[in-house]
Every structure is written in structure tokens, then in C-alpha cells.
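Reading through the C-alpha cells given below for one structure.
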Amino acid sequence: MNPMRILVIEDDRDALDYLAKAFRESGHVADTAADGLDGYALARDGGYDVMVVDRMLPKLDGLSLIRSLREQKVETPALILSALGQVDDRIKGLKAGGDDYLPKPYSFSELLARIEVLARRGLAGNTRGEATSYRVGELELDRLSHRVTRGGLDIPLQPREFRLLEYLVRHAGQVVTRTMLLEHVWDYHFDPQTNVIDVHVSRLRAKIDKGFDRPLIHTVRGAGYMVRDTGK
């Protein structure tokens, strides 16, 4: 299947790093949070395909986190990880709004298979209530088909370019910093002054804006980038 955007919420740092690394090595994008409040904030704003949530979390426990998201109409499929594996524990997790429940210890291969099922189910029914396509001016991006057009013309993009554009259009009208792009598109956490962002944005701009009357990808000096339609 296509790369998934996965949110992992786990307070055990070793387990968190292991899962993030394993998901990325499997070809997916993984964001992380080490407590319930940070996880809740990311889940509200991130547009993930699926989230993996530890039940016992500091600041906001996993079940309360999922319950609060459901109350806010965030329907991202959630798999709960927990050392509490009794039937009653699983029932509580599902009643809180979880979509699956995997007791610890677990095998990564089973975890990956389960979240792939959840992600496919979410796409098939669009249960997350999130956009599957975006439009900025005459630019259209479809997340399901990975198709990008501008003015009715197909624009072929490499996978990384598609992810970069998707993140920018999902935040259209907002400044997106280099650090945000490194963490959410590249999964890197290092010096945001590296020029890898500028190189890829330049290539993307050549494909998206070249030959059109007005640019959609703008540089915000000293801050980052923004996608916006300046109008006719």
C-alpha cells in the first residue's frame, strides 16, 4: 500500500524510538509524542492515516485521549497498545473509541499488519472525515490517487515531492517552517539550516509554477514557505 502517515504516542522512549524507526524503515512516515497532551495536539492537527496509542500515558491517558478526539469529530483510526490485556481492558479501549487493541508484548509484524488494515478501512470509508483532495487556485492534489494537476494539466511528482506539496497545501495560507518540513516530510530532527529543504522546494516550484501566470509557492523570508493563491 501507499506510505502511511502514522502517529505514535508512547511514553517509553526506547519503545517510541523503536516503533518510529521500524515504521520509517517500512516506508512510512512516523511522527511521535511522549505524552498524552502532545499526542492529542498532533492528532488534532496532523491529518494522520492511523495512530498507535499507548494506554498508560502521562498528562492524558490513552483512553481519555481517544475519547476526547472522538468528541472533537477526529476519526483517525486508533490502535491501542497496552500491558493490560484482559477482555474487560480491551472492551474499555474499544468503547473509548479505539479501533483495535494489541496487548504487550507484541510482534512488530502483527502491529504493522493491523494498522495497515485500519488505514485501508479508513480510506475505503473516509471515516476520518478529512479531505482526500485539496485545491489551491487552479492546483488540485488528490491524496488517494497521488495525482496533481494545475489548470487541468497533469504534473508528475516523485514521492518525496508529492509529500512536500501535500504538506504545503494542507497548510495553505500558513507559514510552514523548514523545521516543520524536516520533521513531517523527511522525519529528520537536525539543523533546519540544511539546504535539503531549499533544493526540494526549488525543484517542486519548477514543476508547479513554471509556465503559469502567478506562483503558488512563496518564500517567506526568514520564516519558511507558504502555498497561497494571490488571485488574478
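Ordering of the C-alpha cells sets the chain letters (A, B, ...); residue numbers start at 1 within each chain; ligands are numbered from 1 in the order shown.
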
Which region 5-73 of chain A residues have any atom within 8 Å of an atom of region 86-106 of chain A, and for each, what is the nearest pair of atoms with distance in Å to one decimal, counting only C-alpha atoms, rows sorted by chain and number, as CSV?
```
residue,atom,partner,partner_atom,distance
A:Leu63,CA,A:Ala96,CA,5.8
A:Ser64,CA,A:Ala96,CA,7.4
A:Ile66,CA,A:Gly97,CA,6.0
A:Arg67,CA,A:Ala96,CA,5.2
A:Arg70,CA,A:Gly97,CA,6.6
```

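Put simply, CA of Arg44 (chain A) is 20.9 Å away from CA of Met226 (chain A).
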
| query | Skipping near chain neighbours, those fewer than 6 positions away, what residues fall within 9 Å of region 53-61 of chain A using only C-alpha atoms, listed as a PyMOL selection string? | reply | chain A and resi 7-11+34-40+78-84+93

Those selected residues, please, written with C-alpha atoms and delivered as a PDB file, in the first residue's frame.
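Contents of the output file part_18.pdb:
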```pdb
ATOM      1  CA  LEU A   7       1.331   8.997  14.804  1.00  0.00           C
ATOM      2  CA  VAL A   8       2.945   7.036  17.637  1.00  0.00           C
ATOM      3  CA  ILE A   9       2.083   8.128  21.189  1.00  0.00           C
ATOM      4  CA  GLU A  10       4.207   6.253  23.724  1.00  0.00           C
ATOM      5  CA  ASP A  11       5.923   7.421  26.914  1.00  0.00           C
ATOM      6  CA  ALA A  34       5.858  11.101  24.509  1.00  0.00           C
ATOM      7  CA  ASP A  35       2.777  12.165  26.484  1.00  0.00           C
ATOM      8  CA  GLY A  36      -0.951  12.354  26.032  1.00  0.00           C
ATOM      9  CA  LEU A  37      -1.271  16.126  25.688  1.00  0.00           C
ATOM     10  CA  ASP A  38       1.352  16.395  22.950  1.00  0.00           C
ATOM     11  CA  GLY A  39      -0.201  13.390  21.235  1.00  0.00           C
ATOM     12  CA  TYR A  40      -3.646  14.944  21.394  1.00  0.00           C
ATOM     13  CA  ALA A  78      -6.517   4.248  16.553  1.00  0.00           C
ATOM     14  CA  LEU A  79      -4.766   1.090  17.690  1.00  0.00           C
ATOM     15  CA  ILE A  80      -4.263   0.890  21.452  1.00  0.00           C
ATOM     16  CA  LEU A  81      -1.119  -0.711  22.888  1.00  0.00           C
ATOM     17  CA  SER A  82      -1.293  -1.828  26.498  1.00  0.00           C
ATOM     18  CA  ALA A  83       0.159  -4.189  29.048  1.00  0.00           C
ATOM     19  CA  LEU A  84      -3.447  -4.573  30.219  1.00  0.00           C
ATOM     20  CA  GLY A  93     -10.468   0.500  24.898  1.00  0.00           C
TER      21      GLY A  93
END
```

| task | Give me every alpha helix (DSSP H) residue in chain A, going by DSSP on the backbone, as a ChimeraX atom specification. | result | /A:13-25,36-45,62-71,87-95,108-125,159-170,178-181,196-208

Go ahead and save the picked residues with C-alpha atoms, as a short mmCIF file (atom, residue, chain, number, x, y, z; two decimals), in the first residue's frame.
```cif
data_model
loop_
_atom_site.label_atom_id
_atom_site.label_comp_id
_atom_site.auth_asym_id
_atom_site.auth_seq_id
_atom_site.Cartn_x
_atom_site.Cartn_y
_atom_site.Cartn_z
CA ARG A 13 11.41 6.45 24.99
CA ASP A 14 13.06 3.21 23.87
CA ALA A 15 9.76 1.79 22.64
CA LEU A 16 8.88 5.09 20.95
CA ASP A 17 12.20 5.28 19.09
CA TYR A 18 11.98 1.62 18.10
CA LEU A 19 8.49 1.97 16.63
CA ALA A 20 9.29 5.20 14.79
CA LYS A 21 12.43 3.67 13.28
CA ALA A 22 10.65 0.44 12.33
CA PHE A 23 7.76 2.28 10.63
CA ARG A 24 10.15 4.51 8.69
CA GLU A 25 12.21 1.52 7.58
CA GLY A 36 -0.95 12.35 26.03
CA LEU A 37 -1.27 16.13 25.69
CA ASP A 38 1.35 16.40 22.95
CA GLY A 39 -0.20 13.39 21.24
CA TYR A 40 -3.65 14.94 21.39
CA ALA A 41 -2.38 18.20 19.85
CA LEU A 42 -0.68 16.37 16.98
CA ALA A 43 -3.67 14.13 16.36
CA ARG A 44 -5.95 17.17 16.17
CA ASP A 45 -3.82 18.91 13.56
CA GLY A 62 -4.61 6.92 26.10
CA LEU A 63 -8.30 6.17 26.53
CA SER A 64 -9.11 9.76 27.53
CA LEU A 65 -7.05 10.99 24.59
CA ILE A 66 -9.00 8.89 22.09
CA ARG A 67 -12.34 9.69 23.73
CA SER A 68 -11.58 13.44 23.51
CA LEU A 69 -10.58 13.15 19.85
CA ARG A 70 -13.82 11.35 19.02
CA GLU A 71 -15.79 14.09 20.78
CA VAL A 87 -11.07 -8.93 27.95
CA ASP A 88 -12.50 -6.15 30.12
CA ASP A 89 -9.49 -3.96 29.31
CA ARG A 90 -9.99 -4.48 25.59
CA ILE A 91 -13.68 -3.70 25.84
CA LYS A 92 -12.91 -0.43 27.64
CA GLY A 93 -10.47 0.50 24.90
CA LEU A 94 -12.94 -0.16 22.11
CA LYS A 95 -15.75 1.65 23.93
CA PHE A 108 6.05 -5.61 15.11
CA SER A 109 4.91 -7.60 12.07
CA GLU A 110 1.49 -8.10 13.66
CA LEU A 111 1.29 -4.45 14.68
CA LEU A 112 2.14 -3.33 11.15
CA ALA A 113 -0.41 -5.70 9.60
CA ARG A 114 -3.13 -4.44 11.94
CA ILE A 115 -2.54 -0.76 11.26
CA GLU A 116 -2.41 -1.39 7.51
CA VAL A 117 -5.89 -2.90 7.82
CA LEU A 118 -7.08 0.11 9.83
CA ALA A 119 -5.63 2.55 7.32
CA ARG A 120 -7.27 0.77 4.38
CA ARG A 121 -10.57 0.68 6.23
CA GLY A 122 -10.32 4.39 6.95
CA LEU A 123 -9.62 5.23 3.31
CA ALA A 124 -12.36 2.97 1.99
CA GLY A 125 -15.00 4.64 4.11
CA PRO A 159 7.07 10.51 -3.88
CA ARG A 160 9.06 12.99 -1.78
CA GLU A 161 7.87 15.90 -3.91
CA PHE A 162 4.27 14.74 -3.50
CA ARG A 163 4.63 14.56 0.29
CA LEU A 164 6.22 18.00 0.34
CA LEU A 165 3.45 19.52 -1.75
CA GLU A 166 0.77 17.72 0.25
CA TYR A 167 2.08 19.18 3.49
CA LEU A 168 2.26 22.67 2.00
CA VAL A 169 -1.25 22.63 0.51
CA ARG A 170 -2.69 21.09 3.67
CA ARG A 178 11.91 24.39 7.49
CA THR A 179 11.85 22.57 10.83
CA MET A 180 8.22 21.57 10.28
CA LEU A 181 9.08 20.20 6.85
CA VAL A 196 17.88 19.98 1.57
CA ILE A 197 14.57 21.83 2.01
CA ASP A 198 15.51 24.67 -0.33
CA VAL A 199 16.70 22.26 -3.02
CA HIS A 200 13.48 20.24 -2.99
CA VAL A 201 11.24 23.33 -2.84
CA SER A 202 13.12 24.76 -5.81
CA ARG A 203 12.51 21.57 -7.81
CA LEU A 204 8.87 21.49 -6.77
CA ARG A 205 8.41 25.15 -7.69
CA ALA A 206 9.83 24.47 -11.15
CA LYS A 207 7.13 21.83 -11.70
CA ILE A 208 4.21 23.62 -10.05
#
```

| Selection: 6 Å around region 141-146 of chain A, only C-alpha atoms, excl. self and same-chain fewer than 5 positions, as a VMD selection string | chain A and resid 132 to 134

| request: Would you mind reading off the distance between CA of Gly224 (chain A) and CA of Gln174 (chain A), one decimal, in Å? | output: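 Here the two named atoms are 9.9 Å from each other.
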
| request: Would you list, as an NGL selection string, the residues of region 153-221 of chain A that end up in strand (DSSP E) under DSSP run on this structure's backbone? | output: :A and (153-154 or 176-177 or 217-220)

| request: Please indicate the distance in Å from CA of Arg228 (chain A) to CA of Val176 (chain A), rounded to one decimal place. | output: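 Distance between the two atoms: 11.7 Å.
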
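Proximity to Asp49 (chain A) at 7 Å, evaluated using only C-alpha atoms and with sequence-adjacent residues fewer than 2 positions away removed, yields Met4, Arg5, Ile6, Gly47, Thr76 and Ala119 of chain A.
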